[in-house]
Structures are given as structure tokens and as C-alpha cells.
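To be precise, the following lines are upload35.csv, and they hold CSV, C-alpha atoms.
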```
chain,number,residue,atom,x,y,z
A,51,MET,CA,181.6,51.1,88.4
A,52,ARG,CA,182.9,47.5,88.7
A,53,ILE,CA,186.7,47.6,88.2
A,54,CYS,CA,188.5,44.3,87.6
A,55,VAL,CA,192.1,44.2,88.8
A,56,PHE,CA,194.6,41.7,87.4
A,57,CYS,CA,197.7,41.3,89.5
A,58,SER,CA,200.3,39.0,91.0
A,59,SER,CA,199.5,36.4,93.6
A,60,SER,CA,203.2,35.9,94.5
A,61,ASN,CA,204.3,36.7,98.1
A,62,ASN,CA,207.9,37.0,97.0
A,63,ILE,CA,207.8,40.4,95.3
A,64,ASP,CA,209.0,43.8,96.5
A,65,GLN,CA,206.8,45.5,99.1
A,66,VAL,CA,206.4,48.6,97.0
A,67,TYR,CA,204.1,46.7,94.7
A,68,ARG,CA,202.0,45.4,97.7
A,69,GLN,CA,201.6,48.9,98.9
A,70,LEU,CA,200.5,50.0,95.5
A,71,ALA,CA,197.9,47.3,95.3
A,72,PHE,CA,196.6,48.1,98.8
A,73,GLN,CA,196.3,51.8,98.0
A,74,PHE,CA,194.6,50.9,94.7
A,75,GLY,CA,192.0,48.7,96.5
A,76,ARG,CA,191.5,51.4,99.1
A,77,THR,CA,190.9,54.0,96.4
A,78,ILE,CA,188.4,51.8,94.6
A,79,ALA,CA,186.4,51.6,97.8
A,80,GLU,CA,186.8,55.3,98.6
A,81,LYS,CA,185.5,56.3,95.2
A,82,GLY,CA,182.4,54.0,95.6
A,83,HIS,CA,183.5,51.5,92.9
A,84,VAL,CA,183.3,47.7,93.2
A,85,LEU,CA,186.5,45.6,93.2
A,86,VAL,CA,186.3,42.5,91.0
A,87,TYR,CA,189.4,40.2,91.2
A,88,GLY,CA,190.6,36.7,91.3
A,89,GLY,CA,189.3,35.9,94.8
A,90,ALA,CA,192.4,34.1,96.0
A,91,THR,CA,194.9,34.7,98.8
A,92,GLY,CA,198.5,35.8,98.2
A,93,GLY,CA,200.5,38.7,96.9
A,94,LEU,CA,198.9,41.7,95.3
A,95,MET,CA,195.6,39.9,95.2
A,96,ASP,CA,195.4,39.9,99.0
A,97,ALA,CA,196.7,43.5,99.1
A,98,VAL,CA,194.1,45.0,96.7
A,99,ALA,CA,191.3,43.2,98.5
A,100,GLU,CA,192.6,44.2,101.9
A,101,GLY,CA,192.6,47.8,100.8
A,102,ALA,CA,189.0,47.7,99.6
A,103,ALA,CA,187.9,45.7,102.6
A,104,GLN,CA,189.4,48.2,105.1
A,105,ASN,CA,187.2,50.8,103.5
A,106,GLN,CA,184.0,48.7,103.6
A,107,GLY,CA,184.2,48.3,99.8
A,108,GLU,CA,182.2,45.8,97.8
A,109,ILE,CA,184.4,43.0,96.6
A,110,ILE,CA,183.5,40.4,94.0
A,111,GLY,CA,186.0,37.4,94.0
A,112,VAL,CA,185.9,35.0,91.0
A,113,ILE,CA,187.9,31.9,91.8
A,114,PRO,CA,188.2,28.5,90.1
A,115,GLU,CA,187.7,25.2,92.0
A,116,ILE,CA,191.4,24.2,91.5
A,117,ILE,CA,192.5,27.3,93.5
A,118,ILE,CA,190.1,26.5,96.2
A,119,ARG,CA,191.5,23.0,96.5
A,120,MET,CA,194.9,24.6,96.9
A,121,ASN,CA,193.5,26.3,100.1
A,122,ARG,CA,193.7,29.8,98.6
A,123,LEU,CA,190.1,30.9,98.9
A,124,SER,CA,190.0,34.5,100.3
A,125,THR,CA,187.6,35.4,103.0
A,126,LEU,CA,187.6,39.1,102.0
A,127,PRO,CA,185.1,39.2,99.1
A,128,THR,CA,181.6,40.2,99.9
A,129,GLN,CA,180.5,38.0,97.0
A,130,GLN,CA,182.4,34.9,95.9
A,131,ILE,CA,181.8,33.4,92.4
A,132,ILE,CA,183.2,29.9,92.0
A,133,THR,CA,184.1,28.7,88.5
A,134,ALA,CA,185.0,25.2,87.1
A,135,ASP,CA,188.3,26.3,85.7
A,136,MET,CA,190.7,29.2,84.8
A,137,SER,CA,189.1,29.7,81.4
A,138,GLU,CA,185.6,30.1,82.9
A,139,ARG,CA,187.1,32.5,85.5
A,140,LYS,CA,188.5,34.8,82.8
A,141,LYS,CA,185.1,34.8,81.0
A,142,ARG,CA,183.3,35.6,84.3
A,143,LEU,CA,185.7,38.3,85.2
A,144,LYS,CA,185.0,40.0,81.9
A,145,LEU,CA,181.3,39.6,82.3
A,146,GLU,CA,181.3,41.1,85.9
A,147,SER,CA,183.4,44.1,85.1
A,148,ASP,CA,183.0,47.5,83.5
A,149,ALA,CA,186.7,48.3,83.3
A,150,PHE,CA,190.1,46.5,83.7
A,151,VAL,CA,193.2,47.5,85.5
A,152,VAL,CA,196.5,45.6,85.2
A,153,LEU,CA,198.9,45.9,88.1
A,154,PRO,CA,202.3,44.2,88.0
A,155,GLY,CA,202.1,40.5,87.7
A,156,GLY,CA,203.4,37.3,86.1
A,157,TYR,CA,202.1,34.8,83.5
A,158,GLY,CA,198.5,34.7,85.0
A,159,THR,CA,198.2,38.5,84.9
A,160,LEU,CA,199.5,38.7,81.4
A,161,ASP,CA,197.1,35.9,80.3
A,162,GLU,CA,194.2,37.7,81.7
A,163,MET,CA,195.3,41.0,80.2
A,164,PHE,CA,195.9,39.5,76.7
A,165,ASP,CA,192.5,37.7,76.8
A,166,VAL,CA,190.8,41.1,77.4
A,167,ILE,CA,192.8,42.7,74.6
A,168,ALA,CA,192.1,39.8,72.1
A,169,SER,CA,188.4,39.7,72.9
A,170,GLY,CA,188.2,43.5,72.7
A,171,SER,CA,190.1,43.5,69.4
A,172,VAL,CA,187.4,41.3,67.8
A,173,GLY,CA,184.6,43.4,69.2
A,174,GLU,CA,183.4,41.2,72.1
A,175,HIS,CA,183.5,44.3,74.4
A,176,ARG,CA,184.4,47.9,74.5
A,177,LYS,CA,185.5,48.1,78.2
A,178,PRO,CA,188.6,50.1,78.9
A,179,LEU,CA,191.9,48.4,79.9
A,180,VAL,CA,194.6,50.3,81.8
A,181,CYS,CA,198.0,49.0,82.7
A,182,LEU,CA,199.5,50.7,85.7
A,183,ASN,CA,203.2,51.1,84.6
A,184,MET,CA,204.6,51.7,88.0
A,185,ASN,CA,208.4,52.1,88.0
A,186,GLY,CA,208.4,51.2,84.2
A,187,PHE,CA,207.2,47.7,85.0
A,188,TYR,CA,205.5,47.4,81.5
A,189,ASP,CA,208.1,49.4,79.5
A,190,SER,CA,209.3,46.1,77.8
A,191,LEU,CA,205.7,45.3,76.8
A,192,ILE,CA,205.2,48.7,75.4
A,193,HIS,CA,208.4,48.2,73.4
A,194,LEU,CA,207.3,44.8,72.2
A,195,THR,CA,204.0,46.2,71.1
A,196,GLU,CA,205.7,48.8,69.0
A,197,GLN,CA,207.9,46.1,67.5
A,198,MET,CA,204.8,44.1,66.6
A,199,LYS,CA,203.2,47.1,65.0
A,200,SER,CA,206.3,47.9,63.0
A,201,GLY,CA,206.4,44.3,61.7
A,202,ALA,CA,202.6,44.5,60.9
A,203,PHE,CA,201.8,41.7,63.4
A,204,ILE,CA,199.2,44.1,64.9
A,205,PRO,CA,197.6,47.1,63.2
A,206,LYS,CA,199.3,50.5,63.7
A,207,GLU,CA,195.8,51.8,64.5
A,208,GLU,CA,194.4,49.2,66.8
A,209,ARG,CA,190.6,48.9,67.3
A,210,TYR,CA,191.1,48.1,70.9
A,211,LYS,CA,194.3,48.6,72.9
A,212,PRO,CA,195.4,49.1,76.5
A,213,TYR,CA,196.2,52.5,77.9
A,214,PHE,CA,199.5,52.6,79.9
A,215,ALA,CA,199.2,54.9,83.0
A,216,ASN,CA,202.3,55.9,85.0
A,217,THR,CA,200.4,56.9,88.2
A,218,MET,CA,197.3,55.7,90.0
A,219,ASP,CA,195.6,59.0,89.6
A,220,GLU,CA,196.2,58.8,85.8
A,221,CYS,CA,194.8,55.3,85.9
A,222,PHE,CA,191.6,56.4,87.6
A,223,GLU,CA,191.2,59.4,85.4
A,224,TRP,CA,191.3,57.2,82.3
A,225,ILE,CA,188.8,54.5,83.5
A,226,GLU,CA,186.4,57.1,85.0
A,227,LYS,CA,186.0,58.7,81.6
A,228,ILE,CA,183.5,55.9,80.6
```
Serialized structure, C-alpha cells:
Amino acid sequence: MRICVFCSSSNNIDQVYRQLAFQFGRTIAEKGHVLVYGGATGGLMDAVAEGAAQNQGEIIGVIPEIIIRMNRLSTLPTQQIITADMSERKKRLKLESDAFVVLPGGYGTLDEMFDVIASGSVGEHRKPLVCLNMNGFYDSLIHLTEQMKSGAFIPKEERYKPYFANTMDECFEWIEKI
């Protein structure tokens, strides 16, 4: 299975998240899955790729030219796909993946996650999306989603929605059901 991981590229976050990302990448490789990710250096992106690489995992990096010009091209992917821009990167990440996992991250991570949710909501794909809610990182998003449902901004019975897992084991159980 090709598992796309969305996560932070910041180096200024708590080490506990870096350890989580490393373990997640390692587990992807141990289970014989393929890591698909943003292909850049930094933060959790480096950590997830390092975990997969240390276990001889297959890694597909999808990186836009602007990030390469910023000297952030990772050498860890076994296959590197270069895109013209961030929009093409998101499209290619969806195309290359069978499932999506969202680790803690910032605006870019949320953008990628919401793109998958929006495209799944209109029927472009049926690939599972799991948010790893480590230490309650996504509790506020869960609350916001409930608020949007109660205000009828999104349907109470969504056609496509993310699953929020509290542990890495729960995350893998969910995506391996497909």
C-alpha cells in the first residue's frame, strides 16, 4: 500500500513529534508499505523519511520546483517526482497514494488534508484519511468540525470524512482495512 504522510517541515517543534514521525516511517517500511510524502528536508518530513530509509523502505518524494530552489530537496526518496508548483504537488500526492495519514503540522499540512477531504467529499476518490491525534493535537479541529455540523455548514452524515486515531497502532489498523 502507498501511504501518503502529510506533516510539518518545521525544525522548531517538540522532539516528541519528530520521534513519532520517525517511528511512523519505520513502521511503514517494516510493514512493507511505500511512503509517499512531500520530498523536502526539515522537521517531521525528514523524520518520517529517515525512519522509512533506515528500514530500506521504498520512498516516493513529490516536491515542487520552488522548494528545490530553496535547497530543500531530500536525498532520501528512492523515487523523486518534481512538480511545477504546490497545486500540482497536491494533485500528484493524491494520485500516487492509496491512503493518507496526517501527522501534526501547520498550514501546509492542513491545506493538504483539507484538499483530500474536499476532493473526497465530491467523489473524486474513496481513499481513507486518518489524522493521528497525538497528545490531542487535533482536538480543536474535531471540535470545529462538530460546530460546523451543528450549524449545517457540513452534513451531519458526511460522505467522506477523516478518521481521528489516538495511537499509531489504531492509525495502521484503520488504513489497513482497505
Requested in this report: Identify which of the residues A:Ile109, A:Leu182, A:Met163, A:Met218 lies closest to Ala90 in chain A, counting all atoms listed in the file when measuring atom-to-atom distances.
Outcome: A:Ile109
Requested in this report: Kindly indicate which residue among A:Leu153, A:Val98, A:Ala168, A:Ile204 lies nearest to Val180 in chain A, using all atoms listed in the file for the distances.
Outcome: A:Leu153
Report summary line: re CA of Leu94 in chain A and CA of Val152 in chain A: distance 11.1 Å
Requested in this report: For Phe214 in chain A, list every protein, DNA or RNA residue within 9 Å, evaluated using all atoms listed in the file, and leave out those in the same chain fewer than 2 positions away; present the list as a VMD selection string.
Outcome: chain A and resid 179 to 183 188 192 212 216 221
Report task. List the residues sitting within 9 Å of (199.4, 34.7, 87.0) in the file's frame, using only C-alpha atoms, as a ChimeraX atom specification. Result -> /A:56-60,155-162
Query raised in the report: Which polymer residues, protein or nucleic acid, are no farther than 10 Å from (190.9, 40.8, 91.7), counting all atoms listed in the file, as number ranges by chain?
Result: A: 53-59, 75, 85-90, 94-99, 109-113, 127, 143, 150-152
Export C-alpha atoms of the chosen residues as a PDB file, keeping the file's coordinate frame?
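Output (selection-v7.pdb):
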```
ATOM      1  CA  ILE A  53     186.700  47.600  88.200  1.00  0.00           C
ATOM      2  CA  CYS A  54     188.500  44.300  87.600  1.00  0.00           C
ATOM      3  CA  VAL A  55     192.100  44.200  88.800  1.00  0.00           C
ATOM      4  CA  PHE A  56     194.600  41.700  87.400  1.00  0.00           C
ATOM      5  CA  CYS A  57     197.700  41.300  89.500  1.00  0.00           C
ATOM      6  CA  SER A  58     200.300  39.000  91.000  1.00  0.00           C
ATOM      7  CA  SER A  59     199.500  36.400  93.600  1.00  0.00           C
ATOM      8  CA  GLY A  75     192.000  48.700  96.500  1.00  0.00           C
ATOM      9  CA  LEU A  85     186.500  45.600  93.200  1.00  0.00           C
ATOM     10  CA  VAL A  86     186.300  42.500  91.000  1.00  0.00           C
ATOM     11  CA  TYR A  87     189.400  40.200  91.200  1.00  0.00           C
ATOM     12  CA  GLY A  88     190.600  36.700  91.300  1.00  0.00           C
ATOM     13  CA  GLY A  89     189.300  35.900  94.800  1.00  0.00           C
ATOM     14  CA  ALA A  90     192.400  34.100  96.000  1.00  0.00           C
ATOM     15  CA  LEU A  94     198.900  41.700  95.300  1.00  0.00           C
ATOM     16  CA  MET A  95     195.600  39.900  95.200  1.00  0.00           C
ATOM     17  CA  ASP A  96     195.400  39.900  99.000  1.00  0.00           C
ATOM     18  CA  ALA A  97     196.700  43.500  99.100  1.00  0.00           C
ATOM     19  CA  VAL A  98     194.100  45.000  96.700  1.00  0.00           C
ATOM     20  CA  ALA A  99     191.300  43.200  98.500  1.00  0.00           C
ATOM     21  CA  ILE A 109     184.400  43.000  96.600  1.00  0.00           C
ATOM     22  CA  ILE A 110     183.500  40.400  94.000  1.00  0.00           C
ATOM     23  CA  GLY A 111     186.000  37.400  94.000  1.00  0.00           C
ATOM     24  CA  VAL A 112     185.900  35.000  91.000  1.00  0.00           C
ATOM     25  CA  ILE A 113     187.900  31.900  91.800  1.00  0.00           C
ATOM     26  CA  PRO A 127     185.100  39.200  99.100  1.00  0.00           C
ATOM     27  CA  LEU A 143     185.700  38.300  85.200  1.00  0.00           C
ATOM     28  CA  PHE A 150     190.100  46.500  83.700  1.00  0.00           C
ATOM     29  CA  VAL A 151     193.200  47.500  85.500  1.00  0.00           C
ATOM     30  CA  VAL A 152     196.500  45.600  85.200  1.00  0.00           C
TER      31      VAL A 152
END
```
Requested in this report: Calculate how many Å separate CA of Arg142 in chain A from CA of Gln106 in chain A, rounding to one decimal.
Outcome: 23.3 Å
Report task. Could you check which of A:Lys81, A:Asp189, A:Thr128, A:Ala134 is closest to Phe222 in chain A, using all atoms listed in the file? Result -> A:Lys81
Requested in this report: Work out how far apart CA of Ala79 in chain A and CA of Gln65 in chain A are and give it in Å to one decimal.
Outcome: 21.3 Å
All residues 7 Å or closer to Phe72 in chain A, all atoms listed in the file, same chain fewer than 2 positions away omitted, as a PDB file with C-alpha atoms, keeping the file's coordinate frame:
```
ATOM      1  CA  ARG A  68     202.000  45.400  97.700  1.00  0.00           C
ATOM      2  CA  GLN A  69     201.600  48.900  98.900  1.00  0.00           C
ATOM      3  CA  LEU A  70     200.500  50.000  95.500  1.00  0.00           C
ATOM      4  CA  PHE A  74     194.600  50.900  94.700  1.00  0.00           C
ATOM      5  CA  GLY A  75     192.000  48.700  96.500  1.00  0.00           C
ATOM      6  CA  ARG A  76     191.500  51.400  99.100  1.00  0.00           C
ATOM      7  CA  ALA A  97     196.700  43.500  99.100  1.00  0.00           C
ATOM      8  CA  VAL A  98     194.100  45.000  96.700  1.00  0.00           C
ATOM      9  CA  GLU A 100     192.600  44.200 101.900  1.00  0.00           C
ATOM     10  CA  GLY A 101     192.600  47.800 100.800  1.00  0.00           C
TER      11      GLY A 101
END
```
Requested in this report: Find the residues around Ile228 in chain A up to 10 Å (all atoms listed in the file counted), leave out those fewer than 5 positions away in its own chain, and share them as a VMD selection string.
Outcome: chain A and resid 51 148 to 149 177 to 178 223
Could I get range 143-173 of chain A rebuilt with N, CA and C atoms, written as a tab-separated table (two decimals), in the coordinates of the input?
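Result saved to result-v1.tsv:
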```
chain	number	residue	atom	x	y	z
A	143	LEU	N	185.14	37.05	84.84
A	143	LEU	CA	185.70	38.30	85.20
A	143	LEU	C	185.37	39.41	84.19
A	144	LYS	N	185.42	39.06	82.90
A	144	LYS	CA	185.00	40.00	81.90
A	144	LYS	C	183.57	40.38	81.96
A	145	LEU	N	182.74	39.40	82.22
A	145	LEU	CA	181.30	39.60	82.30
A	145	LEU	C	180.94	40.52	83.51
A	146	GLU	N	181.59	40.34	84.63
A	146	GLU	CA	181.30	41.10	85.90
A	146	GLU	C	181.84	42.48	85.92
A	147	SER	N	182.67	42.86	84.95
A	147	SER	CA	183.40	44.10	85.10
A	147	SER	C	183.03	45.15	84.01
A	148	ASP	N	183.22	46.41	84.40
A	148	ASP	CA	183.00	47.50	83.50
A	148	ASP	C	184.32	48.08	82.96
A	149	ALA	N	185.41	47.81	83.66
A	149	ALA	CA	186.70	48.30	83.30
A	149	ALA	C	187.77	47.34	83.87
A	150	PHE	N	188.98	47.36	83.29
A	150	PHE	CA	190.10	46.50	83.70
A	150	PHE	C	191.31	47.27	84.02
A	151	VAL	N	191.97	46.90	85.12
A	151	VAL	CA	193.20	47.50	85.50
A	151	VAL	C	194.25	46.39	85.69
A	152	VAL	N	195.43	46.56	85.11
A	152	VAL	CA	196.50	45.60	85.20
A	152	VAL	C	197.59	46.16	86.09
A	153	LEU	N	197.79	45.57	87.26
A	153	LEU	CA	198.90	45.90	88.10
A	153	LEU	C	200.06	44.97	87.77
A	154	PRO	N	201.24	45.16	88.32
A	154	PRO	CA	202.30	44.20	88.00
A	154	PRO	C	201.95	42.79	88.37
A	155	GLY	N	202.44	41.87	87.54
A	155	GLY	CA	202.10	40.50	87.70
A	155	GLY	C	202.95	39.59	86.83
A	156	GLY	N	202.64	38.30	86.86
A	156	GLY	CA	203.40	37.30	86.10
A	156	GLY	C	202.52	36.74	84.95
A	157	TYR	N	202.73	35.46	84.66
A	157	TYR	CA	202.10	34.80	83.50
A	157	TYR	C	200.53	34.90	83.63
A	158	GLY	N	199.98	34.63	84.80
A	158	GLY	CA	198.50	34.70	85.00
A	158	GLY	C	197.97	36.05	84.68
A	159	THR	N	198.65	37.08	85.17
A	159	THR	CA	198.20	38.50	84.90
A	159	THR	C	198.28	38.79	83.46
A	160	LEU	N	199.37	38.41	82.81
A	160	LEU	CA	199.50	38.70	81.40
A	160	LEU	C	198.45	37.90	80.58
A	161	ASP	N	198.16	36.67	80.98
A	161	ASP	CA	197.10	35.90	80.30
A	161	ASP	C	195.79	36.57	80.38
A	162	GLU	N	195.44	37.05	81.55
A	162	GLU	CA	194.20	37.70	81.70
A	162	GLU	C	194.11	39.02	80.89
A	163	MET	N	195.21	39.77	80.91
A	163	MET	CA	195.30	41.00	80.20
A	163	MET	C	195.15	40.74	78.66
A	164	PHE	N	195.91	39.78	78.14
A	164	PHE	CA	195.90	39.50	76.70
A	164	PHE	C	194.52	38.94	76.28
A	165	ASP	N	193.85	38.22	77.15
A	165	ASP	CA	192.50	37.70	76.80
A	165	ASP	C	191.55	38.90	76.67
A	166	VAL	N	191.65	39.89	77.53
A	166	VAL	CA	190.80	41.10	77.40
A	166	VAL	C	191.14	41.85	76.12
A	167	ILE	N	192.43	41.98	75.82
A	167	ILE	CA	192.80	42.70	74.60
A	167	ILE	C	192.33	41.94	73.36
A	168	ALA	N	192.55	40.62	73.31
A	168	ALA	CA	192.10	39.80	72.10
A	168	ALA	C	190.63	39.88	71.94
A	169	SER	N	189.88	39.72	73.02
A	169	SER	CA	188.40	39.70	72.90
A	169	SER	C	187.90	41.13	72.54
A	170	GLY	N	188.57	42.17	73.05
A	170	GLY	CA	188.20	43.50	72.70
A	170	GLY	C	188.55	43.83	71.23
A	171	SER	N	189.63	43.26	70.74
A	171	SER	CA	190.10	43.50	69.40
A	171	SER	C	189.08	42.94	68.33
A	172	VAL	N	188.37	41.89	68.69
A	172	VAL	CA	187.40	41.30	67.80
A	172	VAL	C	185.98	41.82	68.03
A	173	GLY	N	185.85	42.77	68.96
A	173	GLY	CA	184.60	43.40	69.20
A	173	GLY	C	183.66	42.77	70.22
```
